[in-house]
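Chemist: Starting off with a structure, shown below.
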Amino acid sequence: MKLIRVIKHKRYVSAYLFSIKINIINTTLTASRGGGLSVSCIDRIHNNAMLIRKYERRMKILKY
């Protein structure tokens, strides 16, 4: 039973990581079309990057 929960959690975390990475790409593309990076775009990219670091660490822990 525990193994199924761990597998589901790994799947959820990897899907969430993928969506955050795509979100950073979309934010960068919209900023480049809009004439440059604004402060809000920079903050959004920074916050998403911190979430990526957090969930990549979590994935490393789940591998053990």
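If you're wondering about the labels, chains in the structure tokens are A, B, ... by order shown, residues count from 1 in each chain, ligands from 1 in order shown.
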Show which residues sit within 10 Å of range 9-11 of chain A, as a VMD selection string. Count only C-alpha atoms, and ignore same-chain residues fewer than 6 positions away.

Modeler: chain A and resid 3 17 58 to 59 62 to 63

Chemist: Residues near range 36-44 of chain A, anyone? I mean within 9 Å using only C-alpha atoms, not counting same-chain ones fewer than 5 positions away, as a compact mmCIF listing (two decimals) with all heavy atoms, in the first residue's frame.

Modeler:
```txt
# COMPACT_ATOMS: atom_id res chain seq x y z
N ILE A 24 7.64 28.80 -16.66
CA ILE A 24 8.78 29.72 -16.77
C ILE A 24 9.03 30.06 -18.25
O ILE A 24 9.28 31.22 -18.60
CB ILE A 24 10.04 29.11 -16.12
CG1 ILE A 24 9.93 29.18 -14.61
CG2 ILE A 24 11.29 29.86 -16.57
CD1 ILE A 24 11.10 28.60 -13.88
N THR A 27 6.31 32.46 -19.42
CA THR A 27 6.52 33.79 -18.86
C THR A 27 7.63 34.53 -19.59
O THR A 27 7.51 35.72 -19.91
CB THR A 27 6.86 33.69 -17.36
OG1 THR A 27 5.83 32.97 -16.69
CG2 THR A 27 6.99 35.06 -16.74
N THR A 28 8.70 33.81 -19.90
CA THR A 28 9.82 34.42 -20.62
C THR A 28 9.40 34.84 -22.03
O THR A 28 9.76 35.93 -22.49
CB THR A 28 11.01 33.44 -20.68
OG1 THR A 28 11.32 33.00 -19.37
CG2 THR A 28 12.21 34.10 -21.29
N THR A 30 6.32 35.56 -23.12
CA THR A 30 5.40 36.70 -23.08
C THR A 30 6.14 37.98 -22.72
O THR A 30 5.79 39.06 -23.23
CB THR A 30 4.26 36.47 -22.09
OG1 THR A 30 4.80 36.17 -20.80
CG2 THR A 30 3.36 35.35 -22.54
N ALA A 31 7.16 37.89 -21.89
CA ALA A 31 7.93 39.09 -21.54
C ALA A 31 8.74 39.58 -22.74
O ALA A 31 8.87 40.78 -22.96
CB ALA A 31 8.86 38.80 -20.37
N ALA A 49 11.45 29.32 -10.01
CA ALA A 49 12.75 28.68 -9.91
C ALA A 49 12.98 28.12 -8.51
O ALA A 49 13.54 27.02 -8.36
CB ALA A 49 13.85 29.66 -10.27
```

Chemist: Go through A:Ile7, A:Ser32, A:Ser14, A:Met1 and flag the residue nearest Glu56 in chain A, using only C-alpha atoms for the distances.

Modeler: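 Ranking A:Ile7, A:Ser32, A:Ser14, A:Met1 by distance to Glu56 in chain A, first place goes to A:Ser14.
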
Chemist: For CA of Phe18 in chain A and CA of Ile52 in chain A, determine how far apart the two atoms are, in Å to one decimal place.

Modeler: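 Computing it gives 9.1 Å between the two atoms.
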